[in-house]
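Source file: start02.cif; contents: mmCIF, N, CA and C atoms.
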data_entry
loop_
_atom_site.group_PDB
_atom_site.id
_atom_site.type_symbol
_atom_site.label_atom_id
_atom_site.label_comp_id
_atom_site.auth_asym_id
_atom_site.auth_seq_id
_atom_site.Cartn_x
_atom_site.Cartn_y
_atom_site.Cartn_z
ATOM 1 N N MET A 1 34.263 146.933 115.989
ATOM 2 C CA MET A 1 32.922 147.180 115.517
ATOM 3 C C MET A 1 32.995 147.223 113.990
ATOM 4 N N PRO A 2 32.050 146.631 113.314
ATOM 5 C CA PRO A 2 32.062 146.642 111.846
ATOM 6 C C PRO A 2 32.015 148.074 111.288
ATOM 7 N N ALA A 3 32.762 148.286 110.210
ATOM 8 C CA ALA A 3 32.881 149.625 109.613
ATOM 9 C C ALA A 3 31.537 150.213 109.221
ATOM 10 N N ASP A 4 30.619 149.391 108.725
ATOM 11 C CA ASP A 4 29.322 149.941 108.314
ATOM 12 C C ASP A 4 28.548 150.497 109.504
ATOM 13 N N ILE A 5 28.673 149.863 110.656
ATOM 14 C CA ILE A 5 27.993 150.360 111.857
ATOM 15 C C ILE A 5 28.675 151.641 112.342
ATOM 16 N N VAL A 6 30.006 151.656 112.342
ATOM 17 C CA VAL A 6 30.750 152.863 112.739
ATOM 18 C C VAL A 6 30.362 154.030 111.847
ATOM 19 N N ASN A 7 30.321 153.801 110.555
ATOM 20 C CA ASN A 7 29.981 154.875 109.613
ATOM 21 C C ASN A 7 28.553 155.363 109.805
ATOM 22 N N ARG A 8 27.637 154.455 110.072
ATOM 23 C CA ARG A 8 26.236 154.849 110.288
ATOM 24 C C ARG A 8 26.104 155.671 111.572
ATOM 25 N N LEU A 9 26.727 155.189 112.642
ATOM 26 C CA LEU A 9 26.690 155.939 113.897
ATOM 27 C C LEU A 9 27.317 157.320 113.737
ATOM 28 N N ASN A 10 28.453 157.366 113.054
ATOM 29 C CA ASN A 10 29.125 158.642 112.823
ATOM 30 C C ASN A 10 28.230 159.599 112.050
ATOM 31 N N ALA A 11 27.591 159.101 111.020
ATOM 32 C CA ALA A 11 26.707 159.951 110.213
ATOM 33 C C ALA A 11 25.552 160.494 111.050
ATOM 34 N N GLU A 12 24.968 159.660 111.889
ATOM 35 C CA GLU A 12 23.835 160.099 112.714
ATOM 36 C C GLU A 12 24.268 161.090 113.786
ATOM 37 N N VAL A 13 25.416 160.857 114.407
ATOM 38 C CA VAL A 13 25.912 161.800 115.419
ATOM 39 C C VAL A 13 26.247 163.138 114.770
ATOM 40 N N ARG A 14 26.898 163.091 113.632
ATOM 41 C CA ARG A 14 27.233 164.337 112.928
ATOM 42 C C ARG A 14 25.975 165.097 112.526
ATOM 43 N N ARG A 15 24.960 164.367 112.084
ATOM 44 C CA ARG A 15 23.696 165.002 111.713
ATOM 45 C C ARG A 15 23.076 165.678 112.935
ATOM 46 N N ALA A 16 23.029 164.963 114.056
ATOM 47 C CA ALA A 16 22.440 165.529 115.274
ATOM 48 C C ALA A 16 23.229 166.750 115.744
ATOM 49 N N LEU A 17 24.557 166.662 115.700
ATOM 50 C CA LEU A 17 25.379 167.778 116.168
ATOM 51 C C LEU A 17 25.343 168.985 115.244
ATOM 52 N N SER A 18 24.817 168.813 114.055
ATOM 53 C CA SER A 18 24.700 169.954 113.142
ATOM 54 C C SER A 18 23.404 170.724 113.365
ATOM 55 N N LEU A 19 22.491 170.176 114.147
ATOM 56 C CA LEU A 19 21.215 170.846 114.392
ATOM 57 C C LEU A 19 21.415 172.057 115.304
ATOM 58 N N PRO A 20 20.878 173.202 114.909
ATOM 59 C CA PRO A 20 21.052 174.412 115.725
ATOM 60 C C PRO A 20 20.599 174.244 117.169
ATOM 61 N N GLU A 21 19.496 173.552 117.394
ATOM 62 C CA GLU A 21 18.995 173.396 118.769
ATOM 63 C C GLU A 21 19.934 172.543 119.624
ATOM 64 N N VAL A 22 20.597 171.589 119.019
ATOM 65 C CA VAL A 22 21.569 170.768 119.754
ATOM 66 C C VAL A 22 22.796 171.615 120.073
ATOM 67 N N ARG A 23 23.287 172.346 119.087
ATOM 68 C CA ARG A 23 24.459 173.200 119.299
ATOM 69 C C ARG A 23 24.184 174.252 120.385
ATOM 70 N N GLU A 24 22.976 174.813 120.396
ATOM 71 C CA GLU A 24 22.610 175.820 121.395
ATOM 72 C C GLU A 24 22.587 175.225 122.797
ATOM 73 N N ARG A 25 22.179 173.969 122.925
ATOM 74 C CA ARG A 25 22.155 173.325 124.246
ATOM 75 C C ARG A 25 23.554 172.975 124.725
ATOM 76 N N LEU A 26 24.462 172.681 123.814
ATOM 77 C CA LEU A 26 25.823 172.312 124.194
ATOM 78 C C LEU A 26 26.697 173.527 124.506
ATOM 79 N N ARG A 27 26.446 174.631 123.843
ATOM 80 C CA ARG A 27 27.282 175.829 123.987
ATOM 81 C C ARG A 27 27.416 176.302 125.435
ATOM 82 N N PRO A 28 26.340 176.374 126.239
ATOM 83 C CA PRO A 28 26.502 176.822 127.630
ATOM 84 C C PRO A 28 27.408 175.911 128.459
ATOM 85 N N GLU A 29 27.588 174.680 128.033
ATOM 86 C CA GLU A 29 28.470 173.742 128.729
ATOM 87 C C GLU A 29 29.912 173.863 128.245
ATOM 88 N N GLY A 30 30.149 174.787 127.313
ATOM 89 C CA GLY A 30 31.493 174.980 126.778
ATOM 90 C C GLY A 30 31.864 173.970 125.709
ATOM 91 N N ILE A 31 30.857 173.343 125.124
ATOM 92 C CA ILE A 31 31.093 172.299 124.124
ATOM 93 C C ILE A 31 30.870 172.867 122.733
ATOM 94 N N GLU A 32 31.876 172.773 121.909
ATOM 95 C CA GLU A 32 31.779 173.129 120.494
ATOM 96 C C GLU A 32 32.002 171.854 119.696
ATOM 97 N N PRO A 33 30.934 171.215 119.233
ATOM 98 C CA PRO A 33 31.095 169.944 118.539
ATOM 99 C C PRO A 33 31.897 170.083 117.250
ATOM 100 N N GLY A 34 32.753 169.114 117.022
ATOM 101 C CA GLY A 34 33.506 169.059 115.777
ATOM 102 C C GLY A 34 32.721 168.309 114.724
ATOM 103 N N ASP A 35 33.275 168.215 113.566
ATOM 104 C CA ASP A 35 32.643 167.484 112.467
ATOM 105 C C ASP A 35 33.677 166.499 111.932
ATOM 106 N N LEU A 36 33.940 165.452 112.731
ATOM 107 C CA LEU A 36 35.013 164.517 112.430
ATOM 108 C C LEU A 36 34.477 163.205 111.861
ATOM 109 N N ASP A 37 35.207 162.678 110.878
ATOM 110 C CA ASP A 37 34.860 161.347 110.392
ATOM 111 C C ASP A 37 35.486 160.337 111.361
ATOM 112 N N PRO A 38 35.181 159.048 111.213
ATOM 113 C CA PRO A 38 35.693 158.070 112.175
ATOM 114 C C PRO A 38 37.220 158.073 112.314
ATOM 115 N N GLN A 39 37.937 158.231 111.230
ATOM 116 C CA GLN A 39 39.397 158.235 111.303
ATOM 117 C C GLN A 39 39.903 159.484 112.024
ATOM 118 N N GLN A 40 39.300 160.624 111.753
ATOM 119 C CA GLN A 40 39.693 161.858 112.430
ATOM 120 C C GLN A 40 39.397 161.783 113.924
ATOM 121 N N PHE A 41 38.254 161.194 114.262
ATOM 122 C CA PHE A 41 37.895 161.048 115.671
ATOM 123 C C PHE A 41 38.892 160.147 116.388
ATOM 124 N N THR A 42 39.266 159.046 115.759
ATOM 125 C CA THR A 42 40.248 158.132 116.346
ATOM 126 C C THR A 42 41.571 158.852 116.570
ATOM 127 N N ALA A 43 42.013 159.625 115.597
ATOM 128 C CA ALA A 43 43.268 160.372 115.728
ATOM 129 C C ALA A 43 43.158 161.418 116.836
ATOM 130 N N PHE A 44 42.025 162.094 116.920
ATOM 131 C CA PHE A 44 41.820 163.094 117.966
ATOM 132 C C PHE A 44 41.881 162.452 119.348
ATOM 133 N N MET A 45 41.189 161.327 119.522
ATOM 134 C CA MET A 45 41.185 160.651 120.815
ATOM 135 C C MET A 45 42.586 160.184 121.189
ATOM 136 N N ALA A 46 43.336 159.671 120.231
ATOM 137 C CA ALA A 46 44.711 159.234 120.508
ATOM 138 C C ALA A 46 45.568 160.413 120.961
ATOM 139 N N SER A 47 45.411 161.561 120.309
ATOM 140 C CA SER A 47 46.207 162.731 120.693
ATOM 141 C C SER A 47 45.793 163.249 122.072
ATOM 142 N N GLU A 48 44.516 163.199 122.395
ATOM 143 C CA GLU A 48 44.048 163.642 123.709
ATOM 144 C C GLU A 48 44.542 162.712 124.808
ATOM 145 N N LEU A 49 44.539 161.408 124.549
ATOM 146 C CA LEU A 49 45.068 160.463 125.540
ATOM 147 C C LEU A 49 46.547 160.725 125.789
ATOM 148 N N LYS A 50 47.282 160.948 124.723
ATOM 149 C CA LYS A 50 48.714 161.231 124.851
ATOM 150 C C LYS A 50 48.926 162.535 125.625
ATOM 151 N N ARG A 51 48.090 163.509 125.365
ATOM 152 C CA ARG A 51 48.215 164.816 126.005
ATOM 153 C C ARG A 51 47.870 164.776 127.488
ATOM 154 N N TRP A 52 46.764 164.112 127.836
ATOM 155 C CA TRP A 52 46.243 164.208 129.193
ATOM 156 C C TRP A 52 46.628 163.057 130.110
ATOM 157 N N ALA A 53 47.074 161.929 129.600
ATOM 158 C CA ALA A 53 47.432 160.795 130.455
ATOM 159 C C ALA A 53 48.509 161.169 131.478
ATOM 160 N N PRO A 54 49.564 161.884 131.085
ATOM 161 C CA PRO A 54 50.568 162.260 132.094
ATOM 162 C C PRO A 54 50.001 163.172 133.191
ATOM 163 N N VAL A 55 49.077 164.025 132.826
ATOM 164 C CA VAL A 55 48.470 164.933 133.805
ATOM 165 C C VAL A 55 47.659 164.129 134.819
ATOM 166 N N VAL A 56 46.886 163.176 134.330
ATOM 167 C CA VAL A 56 46.070 162.346 135.215
ATOM 168 C C VAL A 56 46.973 161.512 136.121
ATOM 169 N N ARG A 57 48.002 160.899 135.547
ATOM 170 C CA ARG A 57 48.938 160.107 136.358
ATOM 171 C C ARG A 57 49.586 160.978 137.432
ATOM 172 N N ALA A 58 50.022 162.166 137.070
ATOM 173 C CA ALA A 58 50.682 163.061 138.026
ATOM 174 C C ALA A 58 49.735 163.520 139.131
ATOM 175 N N SER A 59 48.441 163.589 138.798
ATOM 176 C CA SER A 59 47.473 164.045 139.796
ATOM 177 C C SER A 59 47.188 162.996 140.857
ATOM 178 N N GLY A 60 47.478 161.728 140.520
ATOM 179 C CA GLY A 60 47.173 160.645 141.447
ATOM 180 C C GLY A 60 45.712 160.233 141.423
ATOM 181 N N ALA A 61 44.947 160.744 140.483
ATOM 182 C CA ALA A 61 43.521 160.408 140.394
ATOM 183 C C ALA A 61 43.356 158.916 140.176
ATOM 184 N N LYS A 62 42.350 158.349 140.827
ATOM 185 C CA LYS A 62 42.042 156.923 140.724
ATOM 186 C C LYS A 62 40.567 156.743 140.369
ATOM 187 N N VAL A 63 40.284 155.675 139.655
ATOM 188 C CA VAL A 63 38.901 155.334 139.319
ATOM 189 C C VAL A 63 38.372 154.420 140.425
ATOM 190 N N ASP A 64 37.226 154.771 140.968
ATOM 191 C CA ASP A 64 36.615 153.922 142.019
ATOM 192 C C ASP A 64 35.659 152.926 141.410
#
Just give me the structure of the file as structure tokens.
Amino acid sequence: MPADIVNRLNAEVRRALSLPEVRERLRPEGIEPGDLDPQQFTAFMASELKRWAPVVRASGAKVD
């Protein structure tokens, strides 16, 4: 995806997630939104995949 589109989407998502009413709706679901730029988000997702992929494989879970 072109960097300008990624940056625009990131800016809009970050703006929305900073709104108190959005944060209040997410909190009961156990969601605490971060404030990550595109590079930080990519690094976070890579670390989560590395962390949880073995757990999913060990569980035998399959996508239908």
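In this structure, atom N of Leu9 in chain A sits 16.4 Å away from atom C of Pro33 in chain A.
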Exercise for the section: Please run DSSP on the backbone and report, as a ChimeraX atom specification, all residues within chain A that come out as alpha helix (DSSP H). Expected result: /A:3-17,20-26,38-59
Handout entry: Contact residues around Ala11 in chain A with only C-alpha atoms at 12 Å, ignoring same-chain residues under 4 positions, as a PyMOL selection string
Key = chain A and resi 4-7+15-18+35-38
Problem - Straight-line distance linking CA of Arg14 in chain A with atom C of Pro2 in chain A, stated in Å to one decimal - result: 17.0 Å
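For the pair CA of Gln39 in chain A and atom C of Asn10 in chain A, the interatomic distance is 11.3 Å.
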Box for range 48-51 of chain A - axis-aligned, 6 Å on each of the six sides, all listed atoms - centre and size in Å to one decimal, as lines of an AutoDock Vina configuration file.
center_x = 46.5
center_y = 162.6
center_z = 124.9
size_x = 16.9
size_y = 16.4
size_z = 17.1
